[in-house]
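For reference, structure_32.cif is printed below; it contains mmCIF, C-alpha atoms.
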```cif
data_work
#
loop_
_atom_site.group_PDB
_atom_site.id
_atom_site.type_symbol
_atom_site.label_atom_id
_atom_site.label_comp_id
_atom_site.auth_asym_id
_atom_site.auth_seq_id
_atom_site.Cartn_x
_atom_site.Cartn_y
_atom_site.Cartn_z
ATOM 1 C CA MET Z 1 238.537 71.810 -82.815
ATOM 2 C CA VAL Z 2 239.256 72.847 -79.229
ATOM 3 C CA LEU Z 3 242.269 74.922 -80.249
ATOM 4 C CA ASP Z 4 240.313 76.469 -83.137
ATOM 5 C CA ALA Z 5 237.658 77.621 -80.683
ATOM 6 C CA TRP Z 6 240.357 79.044 -78.382
ATOM 7 C CA ASN Z 7 241.989 80.947 -81.252
ATOM 8 C CA GLN Z 8 238.648 82.299 -82.449
ATOM 9 C CA LYS Z 9 237.817 83.655 -79.012
ATOM 10 C CA VAL Z 10 241.247 85.257 -78.591
ATOM 11 C CA SER Z 11 240.805 86.922 -82.016
ATOM 12 C CA HIS Z 12 237.336 88.103 -81.073
ATOM 13 C CA LEU Z 13 238.655 89.661 -77.867
ATOM 14 C CA ASN Z 14 241.598 91.246 -79.698
ATOM 15 C CA LYS Z 15 239.118 92.868 -82.059
ATOM 16 C CA LEU Z 16 236.979 94.120 -79.159
ATOM 17 C CA PHE Z 17 239.940 95.517 -77.216
ATOM 18 C CA ASP Z 18 241.291 97.178 -80.384
ATOM 19 C CA GLU Z 19 237.957 98.835 -81.097
ATOM 20 C CA LEU Z 20 237.723 100.316 -77.617
ATOM 21 C CA THR Z 21 239.704 103.392 -76.619
ATOM 22 C CA ASP Z 22 241.514 103.452 -73.277
ATOM 23 C CA GLU Z 23 238.801 105.783 -72.022
ATOM 24 C CA GLN Z 24 236.036 103.374 -73.033
ATOM 25 C CA LEU Z 25 237.892 100.462 -71.421
ATOM 26 C CA GLU Z 26 238.079 102.392 -68.176
ATOM 27 C CA LYS Z 27 234.294 102.443 -67.894
ATOM 28 C CA GLN Z 28 232.289 99.929 -65.897
ATOM 29 C CA ILE Z 29 230.589 97.257 -68.032
ATOM 30 C CA ALA Z 30 227.424 97.923 -66.007
ATOM 31 C CA ARG Z 31 226.759 100.204 -63.063
ATOM 32 C CA GLY Z 32 228.820 99.103 -60.053
ATOM 33 C CA LYS Z 33 230.494 96.222 -61.952
ATOM 34 C CA ASN Z 34 234.060 95.658 -63.167
ATOM 35 C CA THR Z 35 235.686 97.981 -65.688
ATOM 36 C CA GLY Z 36 236.945 96.816 -69.068
ATOM 37 C CA VAL Z 37 240.483 97.453 -67.848
ATOM 38 C CA TYR Z 38 240.037 95.067 -64.943
ATOM 39 C CA ILE Z 39 238.696 92.388 -67.326
ATOM 40 C CA LEU Z 40 241.661 92.925 -69.662
ATOM 41 C CA GLY Z 41 244.093 92.410 -66.769
ATOM 42 C CA HIS Z 42 242.042 89.482 -65.467
ATOM 43 C CA LEU Z 43 242.114 87.656 -68.807
ATOM 44 C CA ALA Z 44 245.843 88.268 -69.233
ATOM 45 C CA ALA Z 45 246.459 86.943 -65.686
ATOM 46 C CA ILE Z 46 244.350 83.803 -66.172
ATOM 47 C CA SER Z 47 246.055 83.097 -69.502
ATOM 48 C CA ASN Z 48 249.456 83.542 -67.861
ATOM 49 C CA ARG Z 49 248.559 80.992 -65.205
ATOM 50 C CA MET Z 50 247.810 78.454 -67.957
ATOM 51 C CA ILE Z 51 251.541 78.135 -68.706
ATOM 52 C CA PRO Z 52 252.514 76.468 -65.388
ATOM 53 C CA LEU Z 53 249.146 74.662 -65.238
ATOM 54 C CA LEU Z 54 249.918 72.977 -68.560
ATOM 55 C CA GLY Z 55 253.506 72.276 -67.473
ATOM 56 C CA LEU Z 56 254.916 74.560 -70.168
ATOM 57 C CA GLY Z 57 257.098 76.820 -68.040
ATOM 58 C CA SER Z 58 256.688 80.024 -66.067
ATOM 59 C CA GLU Z 59 254.248 82.893 -66.423
ATOM 60 C CA VAL Z 60 255.226 85.862 -68.589
ATOM 61 C CA ASN Z 61 253.550 88.381 -66.233
ATOM 62 C CA PRO Z 62 253.109 86.667 -62.848
ATOM 63 C CA GLU Z 63 252.541 90.032 -61.126
ATOM 64 C CA LEU Z 64 249.059 90.242 -62.686
ATOM 65 C CA TYR Z 65 247.570 87.357 -60.727
ATOM 66 C CA ASP Z 66 247.230 89.066 -57.378
ATOM 67 C CA PRO Z 67 245.541 92.327 -58.471
ATOM 68 C CA PHE Z 68 243.389 90.826 -61.231
ATOM 69 C CA VAL Z 69 242.423 87.385 -59.900
ATOM 70 C CA GLU Z 70 243.032 87.166 -56.169
ATOM 71 C CA LYS Z 71 241.650 90.620 -55.504
ATOM 72 C CA ALA Z 72 238.388 92.183 -56.609
ATOM 73 C CA GLU Z 73 238.682 95.441 -58.513
ATOM 74 C CA LYS Z 74 237.545 97.603 -55.610
ATOM 75 C CA GLU Z 75 240.303 96.216 -53.362
ATOM 76 C CA VAL Z 76 243.036 97.316 -55.746
ATOM 77 C CA THR Z 77 244.327 100.844 -55.319
ATOM 78 C CA GLU Z 78 247.030 100.879 -57.978
ATOM 79 C CA ARG Z 79 247.115 99.096 -61.276
ATOM 80 C CA PRO Z 80 249.390 99.114 -64.325
ATOM 81 C CA PRO Z 81 248.568 101.610 -67.113
ATOM 82 C CA VAL Z 82 246.097 100.365 -69.761
ATOM 83 C CA LYS Z 83 248.883 100.449 -72.352
ATOM 84 C CA ASP Z 84 250.914 97.931 -70.321
ATOM 85 C CA LEU Z 85 247.902 95.658 -69.858
ATOM 86 C CA ARG Z 86 247.190 95.723 -73.588
ATOM 87 C CA LYS Z 87 250.803 94.688 -74.149
ATOM 88 C CA ALA Z 88 250.604 91.931 -71.497
ATOM 89 C CA TRP Z 89 247.511 90.534 -73.249
ATOM 90 C CA ARG Z 90 249.272 90.509 -76.643
ATOM 91 C CA ASP Z 91 252.439 89.006 -75.150
ATOM 92 C CA ILE Z 92 250.725 86.159 -73.345
ATOM 93 C CA ASN Z 93 248.727 85.229 -76.432
ATOM 94 C CA ALA Z 94 251.832 85.200 -78.606
ATOM 95 C CA LYS Z 95 253.572 83.016 -76.012
ATOM 96 C CA LEU Z 96 250.644 80.595 -75.727
ATOM 97 C CA SER Z 97 250.391 80.264 -79.534
ATOM 98 C CA GLN Z 98 254.034 79.355 -79.688
ATOM 99 C CA LEU Z 99 253.777 76.865 -76.798
ATOM 100 C CA PHE Z 100 250.603 75.193 -78.137
ATOM 101 C CA ALA Z 101 252.177 74.824 -81.588
ATOM 102 C CA GLY Z 102 255.017 72.860 -80.014
ATOM 103 C CA MET Z 103 252.770 70.333 -78.261
ATOM 104 C CA GLN Z 104 252.280 66.815 -79.597
ATOM 105 C CA PRO Z 105 248.626 65.632 -79.876
ATOM 106 C CA ASP Z 106 248.971 62.967 -77.151
ATOM 107 C CA GLU Z 107 250.346 65.556 -74.738
ATOM 108 C CA TRP Z 108 246.883 67.168 -74.514
ATOM 109 C CA PHE Z 109 245.477 64.016 -72.907
ATOM 110 C CA LYS Z 110 247.984 64.010 -70.049
ATOM 111 C CA ARG Z 111 247.149 65.406 -66.642
ATOM 112 C CA HIS Z 112 247.421 69.105 -65.911
ATOM 113 C CA ASN Z 113 249.396 70.326 -62.909
ATOM 114 C CA SER Z 114 246.501 70.958 -60.528
ATOM 115 C CA ILE Z 115 245.675 67.285 -60.260
ATOM 116 C CA SER Z 116 247.705 64.483 -58.681
ATOM 117 C CA ASP Z 117 248.637 61.274 -60.506
ATOM 118 C CA ALA Z 118 246.320 59.336 -58.192
ATOM 119 C CA ASP Z 119 243.291 61.541 -58.857
ATOM 120 C CA PHE Z 120 244.019 61.608 -62.576
ATOM 121 C CA LEU Z 121 243.746 57.802 -62.689
ATOM 122 C CA LYS Z 122 240.185 58.178 -61.411
ATOM 123 C CA GLU Z 123 239.338 61.288 -63.457
ATOM 124 C CA PRO Z 124 241.204 61.074 -66.778
ATOM 125 C CA HIS Z 125 239.131 63.880 -68.276
ATOM 126 C CA ARG Z 126 241.034 66.356 -66.095
ATOM 127 C CA ASN Z 127 243.679 66.674 -68.771
ATOM 128 C CA LYS Z 128 245.356 69.568 -70.558
ATOM 129 C CA LEU Z 129 242.782 69.695 -73.339
ATOM 130 C CA ASN Z 130 240.080 70.181 -70.727
ATOM 131 C CA VAL Z 131 241.950 73.237 -69.430
ATOM 132 C CA ILE Z 132 241.636 74.785 -72.903
ATOM 133 C CA ILE Z 133 237.920 73.931 -73.106
ATOM 134 C CA ASN Z 134 237.278 75.620 -69.773
ATOM 135 C CA ARG Z 135 239.482 78.629 -70.431
ATOM 136 C CA THR Z 136 237.856 79.174 -73.843
ATOM 137 C CA ASN Z 137 234.489 79.377 -72.114
ATOM 138 C CA HIS Z 138 235.990 81.805 -69.639
ATOM 139 C CA LEU Z 139 237.174 84.051 -72.484
ATOM 140 C CA ASP Z 140 233.685 84.098 -73.957
ATOM 141 C CA TYR Z 141 232.085 84.787 -70.582
ATOM 142 C CA HIS Z 142 234.060 88.007 -70.357
ATOM 143 C CA ALA Z 143 233.785 88.810 -74.089
ATOM 144 C CA GLY Z 144 230.029 89.038 -73.500
ATOM 145 C CA GLN Z 145 230.807 91.739 -70.929
ATOM 146 C CA VAL Z 146 233.474 93.685 -72.813
ATOM 147 C CA VAL Z 147 231.138 94.004 -75.812
ATOM 148 C CA LEU Z 148 228.808 96.074 -73.610
ATOM 149 C CA LEU Z 149 231.399 98.873 -73.614
ATOM 150 C CA LYS Z 150 230.915 99.465 -77.332
ATOM 151 C CA PRO Z 151 228.915 102.659 -77.761
ATOM 152 C CA MET B 152 234.748 66.535 -71.623
ATOM 153 C CA VAL B 153 232.813 68.601 -74.158
ATOM 154 C CA LEU B 154 229.459 67.396 -72.841
ATOM 155 C CA ASP B 155 230.600 67.962 -69.244
ATOM 156 C CA ALA B 156 231.394 71.578 -70.090
ATOM 157 C CA TRP B 157 227.985 71.972 -71.769
ATOM 158 C CA ASN B 158 226.180 70.531 -68.736
ATOM 159 C CA GLN B 159 228.136 72.730 -66.345
ATOM 160 C CA LYS B 160 227.216 75.878 -68.258
ATOM 161 C CA VAL B 161 223.531 74.902 -68.456
ATOM 162 C CA SER B 162 223.563 74.315 -64.676
ATOM 163 C CA HIS B 163 225.275 77.640 -64.087
ATOM 164 C CA LEU B 164 222.641 79.451 -66.150
ATOM 165 C CA ASN B 165 219.820 77.567 -64.416
ATOM 166 C CA LYS B 166 221.203 78.773 -61.115
ATOM 167 C CA LEU B 167 221.446 82.358 -62.362
ATOM 168 C CA PHE B 168 217.931 82.386 -63.805
ATOM 169 C CA ASP B 169 216.540 80.816 -60.622
ATOM 170 C CA GLU B 170 218.211 83.433 -58.454
ATOM 171 C CA LEU B 171 216.745 86.314 -60.444
ATOM 172 C CA THR B 172 213.135 87.399 -60.023
ATOM 173 C CA ASP B 173 211.016 88.120 -63.122
ATOM 174 C CA GLU B 174 211.400 91.803 -62.330
ATOM 175 C CA GLN B 175 215.196 91.569 -62.209
ATOM 176 C CA LEU B 176 215.232 89.602 -65.482
ATOM 177 C CA GLU B 177 213.215 92.347 -67.150
ATOM 178 C CA LYS B 178 216.005 94.858 -66.544
ATOM 179 C CA GLN B 179 218.664 95.695 -69.115
ATOM 180 C CA ILE B 180 222.048 94.056 -68.449
ATOM 181 C CA ALA B 181 223.615 97.469 -69.086
ATOM 182 C CA ARG B 182 222.128 100.795 -70.134
ATOM 183 C CA GLY B 183 220.595 100.494 -73.621
ATOM 184 C CA LYS B 184 221.500 96.789 -73.956
ATOM 185 C CA ASN B 185 219.387 93.611 -74.009
ATOM 186 C CA THR B 186 217.243 92.600 -71.048
ATOM 187 C CA GLY B 187 217.704 89.355 -69.159
ATOM 188 C CA VAL B 188 214.358 88.196 -70.552
ATOM 189 C CA TYR B 189 215.580 88.629 -74.115
ATOM 190 C CA ILE B 190 218.726 86.645 -73.329
ATOM 191 C CA LEU B 191 216.635 83.880 -71.743
ATOM 192 C CA GLY B 192 214.490 83.642 -74.898
ATOM 193 C CA HIS B 193 217.589 83.887 -77.100
ATOM 194 C CA LEU B 194 219.365 81.006 -75.364
ATOM 195 C CA ALA B 195 216.232 78.834 -75.469
ATOM 196 C CA ALA B 196 215.842 79.592 -79.197
ATOM 197 C CA ILE B 197 219.479 78.809 -80.051
ATOM 198 C CA SER B 198 219.324 75.569 -78.052
ATOM 199 C CA ASN B 199 216.109 74.606 -79.869
ATOM 200 C CA ARG B 200 217.803 75.108 -83.215
ATOM 201 C CA MET B 201 220.517 72.621 -82.172
ATOM 202 C CA ILE B 202 218.026 69.744 -82.508
ATOM 203 C CA PRO B 203 217.628 69.972 -86.319
ATOM 204 C CA LEU B 204 221.265 71.063 -86.700
ATOM 205 C CA LEU B 205 222.406 67.830 -85.046
ATOM 206 C CA GLY B 206 219.891 65.799 -87.053
ATOM 207 C CA LEU B 207 217.977 64.816 -83.932
ATOM 208 C CA GLY B 208 214.463 65.916 -84.910
ATOM 209 C CA SER B 209 212.405 69.071 -84.723
ATOM 210 C CA GLU B 210 212.566 72.042 -82.372
ATOM 211 C CA VAL B 211 210.437 71.999 -79.223
ATOM 212 C CA ASN B 212 209.673 75.760 -79.453
ATOM 213 C CA PRO B 213 210.367 76.855 -83.059
ATOM 214 C CA GLU B 214 208.372 80.068 -82.545
ATOM 215 C CA LEU B 215 211.197 81.502 -80.428
ATOM 216 C CA TYR B 216 213.707 81.795 -83.281
ATOM 217 C CA ASP B 217 212.232 84.780 -85.024
ATOM 218 C CA PRO B 218 211.721 87.127 -82.042
ATOM 219 C CA PHE B 219 214.858 86.101 -80.124
ATOM 220 C CA VAL B 220 217.445 85.429 -82.847
ATOM 221 C CA GLU B 221 216.335 86.921 -86.160
ATOM 222 C CA LYS B 222 215.115 90.125 -84.563
ATOM 223 C CA ALA B 223 216.859 92.440 -82.149
ATOM 224 C CA GLU B 224 215.035 93.128 -78.895
ATOM 225 C CA LYS B 225 213.967 96.639 -79.888
ATOM 226 C CA GLU B 226 212.260 95.325 -83.050
ATOM 227 C CA VAL B 227 210.001 93.018 -81.077
ATOM 228 C CA THR B 228 206.749 94.497 -79.805
ATOM 229 C CA GLU B 229 205.225 91.427 -78.186
ATOM 230 C CA ARG B 230 206.941 88.578 -76.441
ATOM 231 C CA PRO B 231 205.829 85.567 -74.404
ATOM 232 C CA PRO B 232 205.501 86.010 -70.625
ATOM 233 C CA VAL B 233 208.700 85.399 -68.612
ATOM 234 C CA LYS B 234 207.066 82.345 -67.022
ATOM 235 C CA ASP B 235 206.659 80.736 -70.459
ATOM 236 C CA LEU B 236 210.254 81.505 -71.426
ATOM 237 C CA ARG B 237 211.533 79.977 -68.188
ATOM 238 C CA LYS B 238 209.533 76.855 -69.036
ATOM 239 C CA ALA B 239 210.835 76.830 -72.644
ATOM 240 C CA TRP B 240 214.411 76.963 -71.307
ATOM 241 C CA ARG B 241 213.788 74.060 -68.913
ATOM 242 C CA ASP B 242 211.989 72.047 -71.601
ATOM 243 C CA ILE B 243 214.673 72.405 -74.240
ATOM 244 C CA ASN B 244 217.416 71.447 -71.801
ATOM 245 C CA ALA B 245 215.520 68.354 -70.684
ATOM 246 C CA LYS B 246 215.004 67.416 -74.334
ATOM 247 C CA LEU B 247 218.662 67.961 -75.251
ATOM 248 C CA SER B 248 219.850 65.886 -72.259
ATOM 249 C CA GLN B 249 217.660 63.047 -73.394
ATOM 250 C CA LEU B 250 218.804 63.305 -77.033
ATOM 251 C CA PHE B 251 222.509 63.567 -76.172
ATOM 252 C CA ALA B 252 222.271 60.543 -73.859
ATOM 253 C CA GLY B 253 220.987 58.509 -76.793
ATOM 254 C CA MET B 254 223.880 59.346 -79.124
ATOM 255 C CA GLN B 255 226.684 56.892 -79.811
ATOM 256 C CA PRO B 256 230.243 58.296 -79.442
ATOM 257 C CA ASP B 257 231.058 58.025 -83.182
ATOM 258 C CA GLU B 258 227.928 59.978 -84.048
ATOM 259 C CA TRP B 259 229.534 63.156 -82.648
ATOM 260 C CA PHE B 260 232.193 63.050 -85.357
ATOM 261 C CA LYS B 261 229.693 63.031 -88.231
ATOM 262 C CA ARG B 262 228.750 66.181 -90.101
ATOM 263 C CA HIS B 263 226.127 68.547 -88.762
ATOM 264 C CA ASN B 264 223.251 69.635 -90.974
ATOM 265 C CA SER B 265 224.570 73.057 -91.989
ATOM 266 C CA ILE B 266 227.421 71.569 -93.999
ATOM 267 C CA SER B 267 227.260 69.548 -97.224
ATOM 268 C CA ASP B 268 228.894 66.131 -97.641
ATOM 269 C CA ALA B 269 231.370 67.661 -100.096
ATOM 270 C CA ASP B 270 232.471 70.445 -97.729
ATOM 271 C CA PHE B 271 232.636 68.045 -94.803
ATOM 272 C CA LEU B 272 235.205 65.948 -96.676
ATOM 273 C CA LYS B 273 237.450 69.027 -96.789
ATOM 274 C CA GLU B 274 236.586 70.262 -93.268
ATOM 275 C CA PRO B 275 235.988 67.230 -91.044
ATOM 276 C CA HIS B 276 236.154 69.326 -87.883
ATOM 277 C CA ARG B 277 232.730 70.772 -88.753
ATOM 278 C CA ASN B 278 231.065 67.917 -86.940
ATOM 279 C CA LYS B 279 228.381 67.599 -84.279
ATOM 280 C CA LEU B 280 230.846 67.768 -81.397
ATOM 281 C CA ASN B 281 232.052 71.105 -82.707
ATOM 282 C CA VAL B 282 228.478 72.417 -82.529
ATOM 283 C CA ILE B 283 228.488 71.650 -78.801
ATOM 284 C CA ILE B 284 231.884 73.333 -78.307
ATOM 285 C CA ASN B 285 230.633 76.499 -79.996
ATOM 286 C CA ARG B 286 227.254 76.531 -78.315
ATOM 287 C CA THR B 287 228.865 76.021 -74.898
ATOM 288 C CA ASN B 288 230.940 79.142 -75.487
ATOM 289 C CA HIS B 289 227.791 80.937 -76.539
ATOM 290 C CA LEU B 290 226.100 79.993 -73.254
ATOM 291 C CA ASP B 291 229.023 81.383 -71.290
ATOM 292 C CA TYR B 292 229.114 84.579 -73.346
ATOM 293 C CA HIS B 293 225.578 85.345 -72.223
ATOM 294 C CA ALA B 294 226.078 83.975 -68.692
ATOM 295 C CA GLY B 295 228.672 86.731 -68.273
ATOM 296 C CA GLN B 296 225.883 89.193 -69.076
ATOM 297 C CA VAL B 297 223.047 87.656 -67.042
ATOM 298 C CA VAL B 298 225.259 87.674 -63.934
ATOM 299 C CA LEU B 299 225.291 91.487 -64.135
ATOM 300 C CA LEU B 300 221.603 91.511 -63.180
ATOM 301 C CA LYS B 301 222.394 90.156 -59.722
ATOM 302 C CA PRO B 302 222.040 92.998 -57.226
#
```
Just give me the structure as structure tokens.
Amino acid sequence: MVLDAWNQKVSHLNKLFDELTDEQLEKQIARGKNTGVYILGHLAAISNRMIPLLGLGSEVNPELYDPFVEKAEKEVTERPPVKDLRKAWRDINAKLSQLFAGMQPDEWFKRHNSISDADFLKEPHRNKLNVIINRTNHLDYHAGQVVLLKP
Amino acid sequence: MVLDAWNQKVSHLNKLFDELTDEQLEKQIARGKNTGVYILGHLAAISNRMIPLLGLGSEVNPELYDPFVEKAEKEVTERPPVKDLRKAWRDINAKLSQLFAGMQPDEWFKRHNSISDADFLKEPHRNKLNVIINRTNHLDYHAGQVVLLKP
């Protein structure tokens, strides 16, 4: 159920990003707020970071984290072209699909890599499945913003 | 984990709504889009509808469904005062907390009321817990919009 919800939200965002031209994505979602391009890079960066968090390897595009998560949009002077960010978003989703498909059910109930063994004993809900629940919500949070760019 | 995520998102929205004045809530989240007030009514209406969907009784404020879900904002000529919608949102969340606390764990894996027994046999993931997963995402989708009203 949790993975179904994740996949649905990724599909919804794919559809939104596909419907929007590069020019539309470059607009602010509301006056003075982030652009669609920043959100695209932000989502790709957060999804990349899930790979090490879930103990599944290294990020595909680690260079996205600093400009799209650590920094606010107005602090960033240069960013990759929209085309490259669209590709990074497709690539990370393909990679995550492949990695999730290879996971055994019990693996989802093990600790993720931001929590120590000791803390996990006390808080067993801080497992890998919970990462997906939270990241799915995060996708939808930003989907509600990207949709505003549709004319 | 699923209920924790739900509670976190309700708290986040409470905080957002509390931070915004009635005047700020009456603004559009982006030019030509829904106002914060409409989203407040919409979320209260959708949460109300969860009560019958989960087989837990009747809605607290059934009159919200038509103007805030069936109809788009521009089709609605009269709406309750913001004060009443804030109260409806608080009331439905208090009611849901109480109802969820009274549910046994196995109850969450039973069918919800929008699916027949026959279909549920084929699609057992369409259970009550899945309603919470989807509605939590829905809360976050609109939280990403309400946050835009912060100056």
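One finds atom CA of Lys71 of chain Z at 18.7 Å from atom CA of Trp89 of chain Z.
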Exercise for the section: Select residues of chain Z: the criterion is any atom within 10 Å of an atom of chain B, counting all atoms listed in the file; output as a PyMOL selection string. Expected result: chain Z and resi 1-2+4-6+9+28-34+124-127+129-130+133-149+151
| said: Which polymer residues, whether protein, DNA or RNA, lie within 7 Å of the coordinate (253.4, 84.6, -69.9) when you count only C-alpha atoms? List them as a ChimeraX atom specification, using the chain letters and numbers from the file. | reply: /Z:48,51,58-61,91-92,95
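Listed by chain and then by number, the residues chosen by the PyMOL selection byres ((chain Z and resi 56) around 12) in this file are Z:Asn48, Z:Arg49, Z:Met50, Z:Ile51, Z:Pro52, Z:Leu53, Z:Leu54, Z:Gly55, Z:Gly57, Z:Ser58, Z:Glu59, Z:Val60, Z:Lys95, Z:Leu96, Z:Ser97, Z:Gln98, Z:Leu99, Z:Phe100, Z:Ala101, Z:Gly102, Z:Met103, Z:Glu107, Z:Trp108, Z:His112, Z:Asn113, Z:Lys128.
Atom pair atom CA of Tyr38 of chain Z / atom CA of Phe68 of chain Z: separated by 6.6 Å.
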Give me segment 256-273 of chain B with N, CA and C atoms filled in, as a short mmCIF file (atom, residue, chain, number, x, y, z; two decimals), in the coordinates of the input.
```cif
data_model
loop_
_atom_site.label_atom_id
_atom_site.label_comp_id
_atom_site.auth_asym_id
_atom_site.auth_seq_id
_atom_site.Cartn_x
_atom_site.Cartn_y
_atom_site.Cartn_z
N PRO B 256 229.05 57.44 -79.34
CA PRO B 256 230.24 58.30 -79.44
C PRO B 256 230.63 58.67 -80.88
N ASP B 257 230.60 57.71 -81.82
CA ASP B 257 231.06 58.02 -83.18
C ASP B 257 230.13 59.00 -83.91
N GLU B 258 228.90 59.06 -83.44
CA GLU B 258 227.93 59.98 -84.05
C GLU B 258 228.39 61.44 -83.95
N TRP B 259 229.09 61.77 -82.87
CA TRP B 259 229.53 63.16 -82.65
C TRP B 259 230.52 63.62 -83.71
N PHE B 260 231.17 62.67 -84.37
CA PHE B 260 232.19 63.05 -85.36
C PHE B 260 231.64 63.08 -86.79
N LYS B 261 230.33 62.91 -86.92
CA LYS B 261 229.69 63.03 -88.23
C LYS B 261 229.31 64.49 -88.48
N ARG B 262 229.03 64.79 -89.73
CA ARG B 262 228.75 66.18 -90.10
C ARG B 262 227.44 66.67 -89.47
N HIS B 263 227.40 67.96 -89.18
CA HIS B 263 226.13 68.55 -88.76
C HIS B 263 225.36 68.99 -90.00
N ASN B 264 224.12 69.42 -89.82
CA ASN B 264 223.25 69.64 -90.97
C ASN B 264 223.38 70.99 -91.66
N SER B 265 224.35 71.81 -91.26
CA SER B 265 224.57 73.06 -91.99
C SER B 265 225.75 72.93 -92.94
N ILE B 266 226.27 71.74 -93.11
CA ILE B 266 227.42 71.57 -94.00
C ILE B 266 227.12 70.41 -94.96
N SER B 267 227.52 70.59 -96.21
CA SER B 267 227.26 69.55 -97.22
C SER B 267 228.27 68.41 -97.06
N ASP B 268 227.95 67.26 -97.65
CA ASP B 268 228.89 66.13 -97.64
C ASP B 268 230.23 66.53 -98.27
N ALA B 269 230.15 67.28 -99.37
CA ALA B 269 231.37 67.66 -100.10
C ALA B 269 232.27 68.55 -99.23
N ASP B 270 231.67 69.56 -98.58
CA ASP B 270 232.47 70.44 -97.73
C ASP B 270 233.01 69.72 -96.50
N PHE B 271 232.22 68.77 -96.00
CA PHE B 271 232.64 68.04 -94.80
C PHE B 271 233.89 67.19 -95.08
N LEU B 272 234.00 66.71 -96.31
CA LEU B 272 235.20 65.95 -96.68
C LEU B 272 236.45 66.81 -96.53
N LYS B 273 236.31 68.10 -96.89
CA LYS B 273 237.45 69.03 -96.79
C LYS B 273 237.63 69.56 -95.37
#
```
